[in-house]
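S.K.: Got a file for you: work-v8.tsv, TSV, C-alpha atoms.
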chain	number	residue	atom	x	y	z
D	8	MET	CA	8.61	-49.81	-44.37
D	9	LYS	CA	7.72	-47.18	-46.98
D	10	VAL	CA	4.42	-46.48	-45.27
D	11	LEU	CA	6.24	-45.86	-42.01
D	12	PHE	CA	8.63	-43.49	-43.74
D	13	TYR	CA	5.76	-41.49	-45.28
D	14	ALA	CA	3.93	-41.41	-41.95
D	15	LEU	CA	7.05	-40.05	-40.28
D	16	VAL	CA	7.52	-37.39	-43.00
D	17	PHE	CA	3.85	-36.43	-42.62
D	18	LEU	CA	4.08	-36.09	-38.83
D	19	VAL	CA	7.29	-34.06	-38.88
D	20	VAL	CA	6.16	-31.70	-41.65
D	21	ALA	CA	2.64	-31.26	-40.17
D	22	GLY	CA	4.12	-30.57	-36.73
D	23	LEU	CA	6.56	-28.02	-38.11
D	24	ALA	CA	3.85	-26.34	-40.21
D	25	HIS	CA	1.61	-26.12	-37.13
D	26	ILE	CA	4.30	-24.61	-34.90
D	27	LEU	CA	5.65	-22.19	-37.52
D	28	SER	CA	2.19	-20.97	-38.57
D	29	LEU	CA	1.18	-20.52	-34.92
D	30	PHE	CA	4.21	-18.34	-34.18
D	31	ALA	CA	3.80	-16.47	-37.47
D	32	VAL	CA	0.26	-15.25	-36.68
D	33	PRO	CA	1.24	-12.37	-34.33
D	34	LYS	CA	4.03	-11.29	-36.70
D	35	LEU	CA	1.86	-11.33	-39.82
D	36	ALA	CA	-1.44	-10.11	-38.35
D	37	ARG	CA	-2.49	-6.59	-39.32
D	38	GLY	CA	-5.99	-6.51	-37.85
D	39	ASP	CA	-4.88	-6.58	-34.21
D	40	ALA	CA	-5.62	-3.74	-31.79
D	41	PHE	CA	-1.97	-2.69	-31.47
D	42	HIS	CA	-1.66	-2.09	-35.22
D	43	TRP	CA	-4.65	0.18	-35.60
D	44	LEU	CA	-3.84	2.03	-32.38
D	45	ALA	CA	-0.28	2.61	-33.64
D	46	GLN	CA	-1.56	3.87	-37.00
D	47	ASP	CA	-3.30	6.85	-35.45
D	48	ALA	CA	-0.69	7.56	-32.80
D	49	PRO	CA	1.91	10.33	-32.96
D	50	ILE	CA	5.41	9.73	-31.67
D	51	HIS	CA	6.09	11.12	-28.16
D	52	ALA	CA	2.66	12.78	-27.92
D	53	VAL	CA	-0.69	11.50	-26.72
D	54	ALA	CA	-3.53	11.18	-29.25
D	55	ILE	CA	-7.03	10.55	-27.97
D	56	VAL	CA	-8.70	7.64	-29.76
D	57	GLU	CA	-12.01	8.69	-31.32
D	58	PRO	CA	-14.99	7.10	-29.52
D	59	SER	CA	-16.50	6.26	-32.93
D	60	ARG	CA	-13.36	4.27	-33.77
D	61	LEU	CA	-13.63	2.40	-30.46
D	62	ARG	CA	-17.27	1.57	-31.08
D	63	THR	CA	-16.49	-0.13	-34.39
D	64	SER	CA	-13.53	-2.12	-33.05
D	65	THR	CA	-13.71	-5.69	-31.83
D	66	HIS	CA	-13.46	-6.83	-28.22
D	67	ILE	CA	-12.68	-3.44	-26.73
D	68	ASP	CA	-14.39	-2.23	-23.58
D	69	PRO	CA	-16.46	0.83	-24.64
D	70	ASN	CA	-16.34	2.17	-21.05
D	71	PHE	CA	-12.88	3.65	-21.44
D	72	ALA	CA	-11.39	6.80	-22.86
D	73	LEU	CA	-8.16	5.78	-24.59
D	74	GLY	CA	-5.06	7.75	-25.46
D	75	VAL	CA	-2.12	6.34	-27.42
D	76	CYS	CA	1.49	7.40	-27.69
D	77	ARG	CA	4.17	5.73	-29.82
D	78	TYR	CA	7.62	5.77	-28.31
D	79	ASP	CA	11.14	5.30	-29.61
D	80	LEU	CA	13.77	4.91	-26.91
D	81	SER	CA	16.76	5.30	-29.24
D	82	GLY	CA	16.99	8.99	-28.29
D	83	GLY	CA	16.54	8.48	-24.55
D	84	PRO	CA	13.96	7.27	-22.02
D	85	VAL	CA	10.33	8.33	-22.25
D	86	ARG	CA	8.29	9.74	-19.38
D	87	ILE	CA	4.54	9.22	-19.36
D	88	ARG	CA	2.51	11.26	-16.95
D	89	VAL	CA	-1.27	11.01	-16.52
D	90	PRO	CA	-3.02	13.22	-13.97
D	91	LEU	CA	-5.09	11.20	-11.52
D	92	SER	CA	-8.84	11.42	-11.35
D	93	GLU	CA	-11.18	9.39	-9.18
D	94	SER	CA	-11.58	6.86	-11.97
D	95	PHE	CA	-9.49	3.80	-12.60
D	96	THR	CA	-6.55	4.90	-14.74
D	97	SER	CA	-3.89	2.71	-16.27
D	98	VAL	CA	-1.01	2.77	-18.70
D	99	THR	CA	-0.35	-0.39	-20.71
D	100	PHE	CA	2.84	-0.90	-22.69
D	101	ALA	CA	2.72	-3.07	-25.78
D	102	GLU	CA	4.81	-3.94	-28.82
D	103	LEU	CA	3.63	-4.76	-32.32
D	104	GLY	CA	3.90	-8.47	-32.96
D	105	THR	CA	4.26	-9.50	-29.32
D	106	GLY	CA	1.56	-7.76	-27.28
D	107	VAL	CA	1.42	-6.36	-23.77
D	108	PHE	CA	4.69	-6.41	-21.81
D	109	ALA	CA	3.92	-4.19	-18.81
D	110	SER	CA	1.20	-2.11	-17.22
D	111	VAL	CA	0.68	0.17	-14.25
D	112	SER	CA	-2.47	1.56	-12.69
D	113	ASP	CA	-3.38	4.48	-10.44
D	114	ARG	CA	-2.91	2.18	-7.43
D	115	ALA	CA	0.82	2.49	-7.97
D	116	ALA	CA	0.78	6.29	-8.21
D	117	THR	CA	2.26	8.30	-5.36
D	118	GLY	CA	1.70	11.99	-6.13
D	119	GLY	CA	-1.16	13.60	-8.01
D	120	SER	CA	-0.26	11.79	-11.20
D	121	LEU	CA	0.67	8.41	-12.58
D	122	ASP	CA	4.31	8.98	-13.48
D	123	VAL	CA	6.11	6.26	-15.44
D	124	VAL	CA	9.56	6.26	-17.00
D	125	LEU	CA	10.14	3.72	-19.75
D	126	ALA	CA	13.78	2.95	-20.48
D	127	THR	CA	16.05	0.36	-22.06
D	128	PRO	CA	18.03	-1.74	-19.54
D	129	ALA	CA	21.13	0.42	-20.20
D	130	GLN	CA	19.19	3.67	-19.74
D	131	ALA	CA	17.55	2.28	-16.58
D	132	ALA	CA	20.96	1.46	-15.12
D	133	LYS	CA	22.15	4.98	-15.94
D	134	ILE	CA	19.07	6.52	-14.28
D	135	ALA	CA	19.58	4.38	-11.17
D	136	SER	CA	23.23	5.46	-10.96
D	137	LEU	CA	22.14	9.10	-10.99
D	138	ASP	CA	19.75	8.65	-8.03
D	139	GLU	CA	20.91	10.27	-4.87
D	140	GLU	CA	21.00	7.95	-1.89
D	141	ASP	CA	18.55	9.78	0.34
D	142	GLN	CA	16.23	10.68	-2.50
D	143	VAL	CA	12.81	9.02	-2.64
D	144	VAL	CA	12.06	7.83	-6.16
D	145	GLU	CA	8.44	8.75	-6.90
D	146	GLU	CA	8.26	7.69	-10.51
D	147	LEU	CA	7.69	4.11	-11.63
D	148	ARG	CA	10.42	2.69	-13.82
D	149	ILE	CA	9.80	0.09	-16.47
D	150	ARG	CA	12.33	-1.64	-18.69
D	151	ALA	CA	11.29	-1.99	-22.31
D	152	PRO	CA	12.38	-5.17	-24.13
D	153	ARG	CA	12.74	-3.28	-27.44
D	154	LEU	CA	13.23	0.31	-28.54
D	155	ARG	CA	9.82	0.92	-30.12
D	156	GLY	CA	6.30	0.33	-28.96
D	157	LEU	CA	3.06	1.81	-27.74
D	158	ALA	CA	1.84	3.30	-24.50
D	159	ILE	CA	-1.92	2.93	-24.18
D	160	LEU	CA	-3.48	5.28	-21.62
D	161	SER	CA	-6.91	4.25	-20.33
D	162	VAL	CA	-9.29	6.17	-18.10
D	163	PHE	CA	-12.41	4.37	-16.94
D	164	ILE	CA	-15.77	6.01	-17.67
D	165	ASP	CA	-17.97	4.67	-14.90
D	166	ARG	CA	-21.08	6.53	-16.15
D	167	PRO	CA	-21.83	8.49	-19.35
D	168	SER	CA	-21.45	11.87	-17.59
D	169	ALA	CA	-17.80	11.03	-16.81
D	170	ARG	CA	-16.70	10.87	-20.46
D	171	GLU	CA	-15.77	14.55	-20.72
D	172	ARG	CA	-13.73	14.41	-17.53
D	173	ALA	CA	-11.90	11.31	-18.77
D	174	ASN	CA	-11.07	13.03	-22.06
D	175	ALA	CA	-9.86	16.10	-20.17
D	176	THR	CA	-7.54	13.84	-18.14
D	177	LEU	CA	-6.09	12.42	-21.36
D	178	THR	CA	-5.67	15.89	-22.88
D	179	GLN	CA	-3.43	16.78	-19.95
D	180	ALA	CA	-1.43	13.54	-20.20
D	181	ARG	CA	2.17	13.78	-21.41
D	182	CYS	CA	4.47	11.41	-23.27
D	183	ASP	CA	7.88	13.08	-23.50
D	184	GLN	CA	11.34	11.93	-24.41
D	185	GLU	CA	13.97	12.84	-21.83
D	186	SER	CA	17.67	13.21	-22.32
D	187	LEU	CA	20.18	11.60	-20.00
D	188	PRO	CA	23.41	13.42	-19.07
D	189	GLU	CA	26.50	11.99	-20.79
P	12	MET	CA	6.38	-42.28	-58.72
P	13	GLN	CA	7.98	-42.29	-55.29
P	14	ARG	CA	8.82	-38.65	-55.63
P	15	ILE	CA	5.21	-37.76	-56.45
P	16	VAL	CA	3.97	-39.64	-53.37
P	17	LEU	CA	6.53	-37.84	-51.21
P	18	VAL	CA	5.51	-34.41	-52.56
P	19	LEU	CA	1.84	-35.26	-52.01
P	20	CYS	CA	2.63	-36.44	-48.49
P	21	ILE	CA	4.45	-33.17	-47.70
P	22	LEU	CA	1.64	-31.08	-49.22
P	23	CYS	CA	-0.98	-32.90	-47.17
P	24	ALA	CA	1.15	-32.46	-44.06
P	25	LEU	CA	1.46	-28.70	-44.66
P	26	ILE	CA	-2.29	-28.39	-45.08
P	27	ALA	CA	-2.91	-30.51	-41.97
P	28	GLY	CA	-0.45	-28.47	-39.88
P	29	ILE	CA	-1.86	-25.11	-40.90
P	30	SER	CA	-5.47	-26.19	-40.54
P	31	ALA	CA	-4.62	-27.52	-37.06
P	32	THR	CA	-3.40	-23.99	-36.23
P	33	LEU	CA	-6.56	-22.40	-37.60
P	34	ARG	CA	-8.75	-24.79	-35.60
P	35	ALA	CA	-6.75	-24.28	-32.40
P	36	VAL	CA	-7.11	-20.50	-32.37
P	37	THR	CA	-10.87	-20.15	-32.94
P	38	PRO	CA	-12.67	-18.12	-30.23
P	39	LYS	CA	-14.19	-21.21	-28.62
P	40	SER	CA	-11.06	-23.38	-28.82
P	41	GLY	CA	-10.05	-25.12	-25.61
P	42	MET	CA	-6.42	-24.27	-26.46
P	43	VAL	CA	-7.21	-20.56	-26.13
P	44	ALA	CA	-9.52	-20.32	-23.13
P	45	ALA	CA	-10.42	-22.40	-20.09
P	46	SER	CA	-14.12	-22.97	-19.44
P	47	LEU	CA	-15.73	-22.01	-16.14
P	48	GLY	CA	-19.35	-23.03	-16.70
P	49	PRO	CA	-20.43	-20.93	-19.70
P	50	TRP	CA	-17.62	-18.39	-19.11
P	51	ARG	CA	-14.33	-18.64	-21.01
P	52	PHE	CA	-11.15	-17.30	-19.60
P	53	ALA	CA	-7.91	-16.83	-21.58
P	54	ALA	CA	-5.07	-16.85	-19.05
P	55	HIS	CA	-2.20	-14.39	-19.48
P	56	ILE	CA	-3.76	-12.81	-22.59
P	57	GLY	CA	-2.61	-9.40	-21.31
P	58	ALA	CA	0.81	-10.57	-20.16
P	59	PRO	CA	4.21	-11.11	-21.83
P	60	ASP	CA	4.09	-14.83	-20.96
P	61	ALA	CA	0.88	-15.57	-22.92
P	62	ASP	CA	1.19	-18.99	-24.53
P	63	PRO	CA	1.44	-19.13	-28.37
P	64	TYR	CA	-2.21	-20.17	-28.83
P	65	VAL	CA	-3.55	-17.33	-26.67
P	66	ARG	CA	-1.21	-14.86	-28.37
P	67	ALA	CA	-2.27	-15.97	-31.86
P	68	ARG	CA	-5.94	-15.60	-30.87
P	69	LEU	CA	-5.25	-12.13	-29.46
P	70	PHE	CA	-3.72	-10.96	-32.74
P	71	LEU	CA	-6.50	-12.47	-34.86
P	72	SER	CA	-9.37	-11.12	-32.80
P	73	GLY	CA	-8.37	-7.45	-32.64
P	74	GLU	CA	-8.93	-7.56	-28.89
P	75	LEU	CA	-7.34	-4.98	-26.64
P	76	PRO	CA	-6.70	-7.21	-23.63
P	77	VAL	CA	-7.05	-6.15	-20.02
P	78	ALA	CA	-3.40	-6.11	-18.91
P	79	ALA	CA	-2.46	-8.81	-16.43
P	80	GLY	CA	-2.38	-7.31	-12.96
P	81	GLN	CA	-5.12	-4.81	-13.89
P	82	GLY	CA	-7.94	-7.31	-14.24
P	83	TYR	CA	-9.31	-9.99	-16.54
P	84	THR	CA	-12.04	-10.75	-19.08
P	85	LEU	CA	-14.64	-13.54	-19.05
P	86	ARG	CA	-16.52	-14.26	-22.27
P	87	ALA	CA	-19.68	-16.30	-22.81
P	88	TYR	CA	-21.22	-17.58	-26.03
P	89	GLU	CA	-23.72	-19.90	-24.31
P	90	ASP	CA	-26.20	-19.84	-21.43
P	91	ALA	CA	-26.02	-21.98	-18.28
P	92	GLU	CA	-27.58	-24.92	-20.16
P	93	GLY	CA	-25.04	-24.72	-22.96
P	94	ARG	CA	-27.41	-23.22	-25.56
P	95	THR	CA	-26.01	-20.53	-27.91
P	96	LEU	CA	-26.95	-17.00	-26.80
P	97	ASP	CA	-29.66	-15.73	-29.13
P	98	ARG	CA	-30.57	-12.05	-29.68
P	99	GLN	CA	-34.26	-12.96	-29.87
P	100	CYS	CA	-34.20	-14.33	-26.31
P	101	THR	CA	-34.22	-12.86	-22.80
P	102	TYR	CA	-31.53	-13.79	-20.28
P	103	ARG	CA	-31.00	-12.97	-16.63
P	104	LEU	CA	-27.59	-12.60	-14.98
P	105	ARG	CA	-27.55	-12.84	-11.21
P	106	SER	CA	-25.02	-12.53	-8.43
P	107	PRO	CA	-22.48	-13.76	-7.42
P	108	PHE	CA	-20.06	-11.47	-9.18
P	109	PRO	CA	-16.35	-11.74	-8.27
P	110	THR	CA	-14.87	-8.88	-6.25
P	111	ALA	CA	-13.35	-5.99	-8.18
P	112	ARG	CA	-13.15	-2.21	-7.98
P	113	TYR	CA	-15.21	-2.08	-11.17
P	114	PHE	CA	-16.72	-4.52	-13.58
P	115	THR	CA	-18.32	-3.97	-16.98
P	116	LEU	CA	-20.71	-6.15	-18.96
P	117	THR	CA	-20.77	-5.66	-22.74
P	118	LEU	CA	-22.87	-7.34	-25.44
P	119	THR	CA	-21.13	-8.09	-28.74
P	120	ASP	CA	-21.76	-10.04	-31.91
P	121	LYS	CA	-19.74	-13.21	-32.48
P	122	ASP	CA	-16.82	-11.16	-33.87
P	123	GLY	CA	-16.67	-8.87	-30.82
P	124	ARG	CA	-18.43	-5.81	-32.29
P	125	LEU	CA	-20.94	-3.91	-30.16
P	126	LEU	CA	-24.59	-4.86	-30.74
P	127	ALA	CA	-26.30	-1.99	-32.57
P	128	ASN	CA	-29.52	-0.90	-30.85
P	129	LEU	CA	-31.86	2.08	-30.92
P	130	VAL	CA	-31.15	3.32	-27.39
P	131	GLU	CA	-27.35	3.10	-27.96
P	132	ARG	CA	-26.80	1.14	-24.77
P	133	TYR	CA	-24.04	-1.40	-25.26
P	134	SER	CA	-22.66	-1.97	-21.83
P	135	PHE	CA	-23.13	-1.62	-18.08
P	136	THR	CA	-20.54	-0.58	-15.55
P	137	SER	CA	-20.79	-1.64	-11.91
P	138	SER	CA	-21.36	2.04	-10.97
P	139	GLU	CA	-24.51	2.24	-13.10
P	140	ILE	CA	-26.21	-0.89	-11.75
P	141	VAL	CA	-29.42	-0.45	-9.78
P	142	ARG	CA	-29.17	-2.62	-6.65
P	143	ALA	CA	-31.62	-3.88	-4.06
P	144	GLU	CA	-31.16	-2.81	-0.42
P	145	SER	CA	-29.26	-6.03	0.27
P	146	GLY	CA	-26.78	-5.08	-2.48
P	147	ALA	CA	-27.95	-7.93	-4.71
P	148	PHE	CA	-28.76	-7.19	-8.34
P	149	GLU	CA	-29.66	-8.80	-11.63
P	150	ILE	CA	-29.10	-7.76	-15.21
P	151	ILE	CA	-31.69	-8.50	-17.89
P	152	ILE	CA	-30.54	-8.95	-21.48
P	153	SER	CA	-33.48	-8.79	-23.85
P	154	PRO	CA	-34.61	-7.52	-27.27
P	155	GLU	CA	-37.54	-5.80	-25.47
P	156	ALA	CA	-37.28	-2.92	-22.98
P	157	ARG	CA	-37.31	-4.07	-19.33
P	158	PRO	CA	-37.38	-2.13	-16.07
P	159	GLY	CA	-34.18	-2.13	-13.98
P	160	ASN	CA	-30.80	-3.15	-15.37
P	161	TRP	CA	-31.62	-3.82	-19.01
P	162	LEU	CA	-29.19	-4.34	-21.87
P	163	PRO	CA	-30.81	-4.45	-25.34
P	164	THR	CA	-29.84	-7.10	-27.89
P	165	GLY	CA	-31.13	-4.83	-30.67
P	166	THR	CA	-33.45	-5.58	-33.54
P	167	ALA	CA	-31.13	-7.84	-35.55
P	168	THR	CA	-31.19	-11.61	-35.17
P	169	GLY	CA	-28.40	-14.11	-34.63
P	170	PRO	CA	-26.07	-15.20	-31.85
P	171	PHE	CA	-24.31	-12.85	-29.48
P	172	ALA	CA	-21.61	-12.94	-26.82
P	173	LEU	CA	-21.13	-11.45	-23.36
P	174	ASP	CA	-17.89	-9.80	-22.29
P	175	LEU	CA	-17.60	-9.49	-18.52
P	176	ARG	CA	-14.50	-7.51	-17.51
P	177	PHE	CA	-13.15	-6.96	-14.02
P	178	TYR	CA	-10.75	-4.14	-13.19
P	179	ASP	CA	-8.40	-3.64	-10.30
P	180	THR	CA	-9.03	-6.96	-8.65
P	181	PRO	CA	-7.05	-8.93	-6.10
P	182	LEU	CA	-7.16	-11.93	-8.45
P	183	ALA	CA	-3.98	-12.66	-10.37
P	184	ALA	CA	-3.82	-13.06	-14.15
P	185	THR	CA	-4.11	-16.82	-13.83
P	186	ALA	CA	-7.35	-16.36	-11.83
P	187	THR	CA	-6.91	-19.81	-10.35
P	188	GLN	CA	-9.27	-18.74	-7.57
P	189	LEU	CA	-12.13	-18.45	-10.04
P	190	SER	CA	-14.69	-21.23	-10.20
P	191	ALA	CA	-17.97	-21.56	-12.05
P	192	ALA	CA	-19.85	-21.27	-8.72
P	193	SER	CA	-18.31	-17.85	-8.02
P	194	LEU	CA	-19.49	-16.43	-11.37
P	195	PRO	CA	-22.91	-15.16	-12.43
P	196	ARG	CA	-25.33	-17.67	-13.94
P	197	ILE	CA	-26.78	-16.90	-17.38
P	198	GLU	CA	-30.42	-18.00	-17.19
P	199	LYS	CA	-32.57	-18.10	-20.31
P	200	GLN	CA	-36.06	-16.78	-19.64
P	201	GLY	CA	-37.82	-17.07	-22.97
P	202	CYS	CA	-37.69	-15.99	-26.59
P	203	LEU	CA	-39.66	-13.81	-28.96
P	204	PRO	CA	-42.08	-15.91	-31.03
With the file now loaded, output its structure as structure tokens.
M.R.:
Amino acid sequence: MKVLFYALVFLVVAGLAHILSLFAVPKLARGDAFHWLAQDAPIHAVAIVEPSRLRTSTHIDPNFALGVCRYDLSGGPVRIRVPLSESFTSVTFAELGTGVFASVSDRAATGGSLDVVLATPAQAAKIASLDEEDQVVEELRIRAPRLRGLAILSVFIDRPSARERANATLTQARCDQESLPE
Amino acid sequence: MQRIVLVLCILCALIAGISATLRAVTPKSGMVAASLGPWRFAAHIGAPDADPYVRARLFLSGELPVAAGQGYTLRAYEDAEGRTLDRQCTYRLRSPFPTARYFTLTLTDKDGRLLANLVERYSFTSSEIVRAESGAFEIIISPEARPGNWLPTGTATGPFALDLRFYDTPLAATATQLSAASLPRIEKQGCLP
């Protein structure tokens, strides 16, 4: 009987330790890509990630120019605008401790730029209520699960000569907080 | 006495549970990535619904994942015969390649860092590939310079890995349409003496 009891204790504790440690990894990790990208990123402005930093990172495609912007939606929604070039361009939204929650690419762009508004559910509802009925909405709207996170802007460098153009695209990219009318 | 046994039992269980986690999230773990021939594919790694094993691996590896909906990554540590990829050896990658607007092929060490080499060539994009008239192509991975599409493994020795990334593809994040037959074969051609 005692052996059975100990076996049961072992199984329950080992199972719990496995599950808890598995879920703790993303929360406790500090060496993940989102952490080091966030370290160098300004809030509501786009910083271009140094190519030398990309080359020494792990599991990152070296054929991209990357820009990063940290956002905080507590003061209002954030608009990210990247001018379009011929190259594959995308914006990926991620949070520390959880990872990627949304992304958009140039395929979804309508005008000459990839125009994304990131908002909390309440802000998104407010924005939708302000839309006029016959107005065509050209921006993409994304709901953020939490107030703070990262927007990672990527422009594909299909050949070495395209690097400068990709960096120029990122230099023109914007990440601005917008205010909603009361 | 009983109390000591119970404490020992709990301690052993904690160690077993945590070591099970560590084993389950290694790069080659079956809990993290599905195998398609030599290629490994971690489903939903760039999506909010990534399972806990994939997510833990993502945060341990430092990887910046290709966001779901934008594309996907295939990773290989072995050749078509299941032998570990060796920087002293020459390999050939041949069509078929899955359809995508772009793909990139990158050589890394086992931790995912770019392979240092004298010509500073770490990766190929689909735009840079030299193709035959039929559109077919092959990529040679070798420590020695080769004509055509050559990626150097550098002068160091040891194992390496291949990262094959596809961007803007019609395939979904689950990539259930992928099969080993639709992916390039990694053929070993010989090694330096």
S.K.: Using only C-alpha atoms, which residues sit within 8 Å of Trp50 (chain P) once same-chain residues fewer than 2 positions away are excluded, as a list in words?
M.R.: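 Once the nearby chain positions are removed, what remains is Ser46, Leu47, Gly48, Phe52, Leu85, Arg86, Ala87, Tyr88 and Ala191 of chain P.
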S.K.: Have a look at P:Ala172, P:Leu162, P:Ala27, P:Leu129 and name the one nearest to chain D; count only C-alpha atoms.
M.R.: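 Residue with the minimum atom-to-atom distance to chain D: P:Ala27.
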S.K.: Would you kindly report the residues of chain D within 6 Å of chain P, using only C-alpha atoms, as a ChimeraX atom specification?
M.R.: /D:17,20-22,24-25,29,32-33,38-40,65-67,107-108,165
S.K.: Have a look at CA of Thr127 (chain D) and CA of Ala54 (chain D) and let me know their distance in Å, one decimal.
M.R.: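 Separation of CA of Thr127 (chain D) and CA of Ala54 (chain D): 23.5 Å.
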S.K.: Rounded to one decimal place, report the CA of Leu189 (chain P)-CA of Ser106 (chain P) distance in Å.
M.R.: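 Here the two named atoms are 14.3 Å from each other.
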S.K.: Residues around (-22.6, -19.1, -23.7), cut-off 10 Å, counting all atoms listed in the file - what are they as a list in words?
M.R.: Lys39, Gly48, Pro49, Trp50, Arg51, Arg86, Ala87, Tyr88, Glu89, Asp90, Ala91, Glu92, Gly93, Arg94, Thr95, Leu96, Asp97, Pro170, Phe171, Ala172, Leu173 and Ile197 of chain P
S.K.: Pick from D:Leu187, D:Val162, D:Ala180, D:Leu44: nearest to Ser92 (chain D), with only C-alpha atoms counted?
M.R.: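 Closest residue, counting only C-alpha atoms: D:Val162.
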S.K.: Between CA of Val144 (chain D) and CA of Tyr78 (chain D), what is the spacing in Å?
M.R.: 22.7 Å
S.K.: Which residues, written as an MDAnalysis selection string, have at least one atom at most 10 Å from Val89 (chain D), with all atoms listed in the file counted and residues fewer than 2 positions away on the same chain left out?
M.R.: chainID D and resid 87 91:92 96:98 113 116 119:123 160:162 176:182
S.K.: Could you take the residues named above and write them with C-alpha atoms, as a CSV table (one decimal), in the coordinates of the input?
M.R.:
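Dumped everything to part25.csv:
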chain,number,residue,atom,x,y,z
D,87,ILE,CA,4.5,9.2,-19.4
D,91,LEU,CA,-5.1,11.2,-11.5
D,92,SER,CA,-8.8,11.4,-11.4
D,96,THR,CA,-6.6,4.9,-14.7
D,97,SER,CA,-3.9,2.7,-16.3
D,98,VAL,CA,-1.0,2.8,-18.7
D,113,ASP,CA,-3.4,4.5,-10.4
D,116,ALA,CA,0.8,6.3,-8.2
D,119,GLY,CA,-1.2,13.6,-8.0
D,120,SER,CA,-0.3,11.8,-11.2
D,121,LEU,CA,0.7,8.4,-12.6
D,122,ASP,CA,4.3,9.0,-13.5
D,123,VAL,CA,6.1,6.3,-15.4
D,160,LEU,CA,-3.5,5.3,-21.6
D,161,SER,CA,-6.9,4.2,-20.3
D,162,VAL,CA,-9.3,6.2,-18.1
D,176,THR,CA,-7.5,13.8,-18.1
D,177,LEU,CA,-6.1,12.4,-21.4
D,178,THR,CA,-5.7,15.9,-22.9
D,179,GLN,CA,-3.4,16.8,-20.0
D,180,ALA,CA,-1.4,13.5,-20.2
D,181,ARG,CA,2.2,13.8,-21.4
D,182,CYS,CA,4.5,11.4,-23.3
S.K.: Excluding region 48-53 of chain D and its own-chain neighbours fewer than 5 positions away, which residues fall within 6 Å of it when counting only C-alpha atoms? Please give them as a list of chain:residue names.
M.R.: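 What passes the distance filter is D:Gly74, D:Val75, D:Cys76, D:Arg77, D:Tyr78, D:Cys182, D:Asp183.
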S.K.: What's around Ala53 (chain P) at 7 Å? Count only C-alpha atoms, leave out sequence neighbours fewer than 3 positions away in its own chain, and write the answer as a PyMOL selection string.
M.R.: chain P and resi 43-45+56+65
S.K.: Taking all listed atoms of region 112-116 of chain D, build the axis-aligned box, pad each of the six sides by 8 Å, then write its centre and edge lengths in Å to one decimal as AutoDock Vina command-line options.
M.R.:
--center_x -1.3 --center_y 3.9 --center_z -10.1 --size_x 20.2 --size_y 20.7 --size_z 21.3
S.K.: From the options D:Leu103, D:Leu23, D:Arg148, D:Glu139, which residue's atoms come nearest to Ala115 (chain D), counting all atoms listed in the file?
M.R.: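 When distances to Ala115 (chain D) are compared using all atoms listed in the file, the smallest one comes from D:Arg148.
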S.K.: Considering only C-alpha atoms, can you say which of D:Ser94, D:Ser186, D:Asn174, D:Gln46 comes closest to Gln130 (chain D)?
M.R.: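 Among the listed residues, the smallest separation from Gln130 (chain D) belongs to D:Ser186.
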S.K.: Which is closer to Ile150 (chain P) than all the others in P:Arg103, P:Ala192, P:Pro38, P:Gly201, using all atoms listed in the file?
M.R.: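 Closest candidate: P:Arg103.
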